[in-house]
Each structure stands twice: as structure tokens, then as C-alpha cells.
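A.B. asks: Pasting a structure below so you can have a look.
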Amino acid sequence: MSEKELVQEAKTRESMKAEKKDKPKKEAAPKRWVRVRMLPIWLRILLVILFLAASLALGAMIGYGVIGDGNPADVFKKETWQHIVDIVMKK
């Protein structure tokens with residue numbers, strides 16, 4: 001590069017620095033973390049309740065049918081639960 005080009009480049013750099021100083025600086029707002037939820041909270045609560053009910057039913061079926069040597073479908077009959085309540089209350 002020639003001396004003339006170096007002087008022009010130096011002037012250009014100085015003018016760019018001056019422009020940066022002259023511009024009012026925007027105050028940097030604190031960045032907020034935005035979380036995009038895949039499932040809304042109400043749906044999560046509903047799913048937890050459904051999973052709890054399903055696990056309760058499955059556990060009762062396994063307990064009554066496999067461990068207790070009964071028919072797993074009998075767990076959903078009212079007579080089975082009435083019999084269990086009678087045993088517990090000793091009627």
C-alpha cells in the first residue's frame with residue numbers, strides 16, 4: 001500500500017470511531033430467559049392425575065389378580081370391594 005492509501009485508511013478508521021462515540025448508546029435491557037413449554041401446565045397436571053389413576057388401577061389388578069390369585073378384572077366389580085370392606089370392618 002502506498003502512503004496515501006494508508007493515510008486515507010487511517011482517516012476512515014478515525015471517522016468510524018468518532019461516529020461510534022457520537023451515537024447515543026442504547027441502554028442494554030437485561031435479557032430475560034423465555035422458556036417455551038412443550039406442554040402447558042394445565043395439561044401436565046391432567047397427565048399426572050391420569051397416570052396416577054392408571055397406576056392405581058394397574059396396581060390393584062396386579063395385587064388382586066397376580067399376587068392374590070384372583071381374576072384381575074374382578075377388581076373393578078363393586079362386590080369385590082364390598083367384600084374387602086366387610087373384612088376390614090369385621091362384619
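Residues in the C-alpha cells are numbered from 1 in each chain, the chains being A, B, ... in the order shown, and ligands are numbered from 1 in the order shown.
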Among chain A, which ones does DSSP place in helix (DSSP H, G or I), written as a PyMOL selection string?
C.D. replies: chain A and resi 3-22+41-67+72-76+78-89
A.B. asks: Would you mind reading off the distance between CA of Gly70 in chain A and CA of Leu52 in chain A, one decimal, in Å?
C.D. replies: 23.1 Å
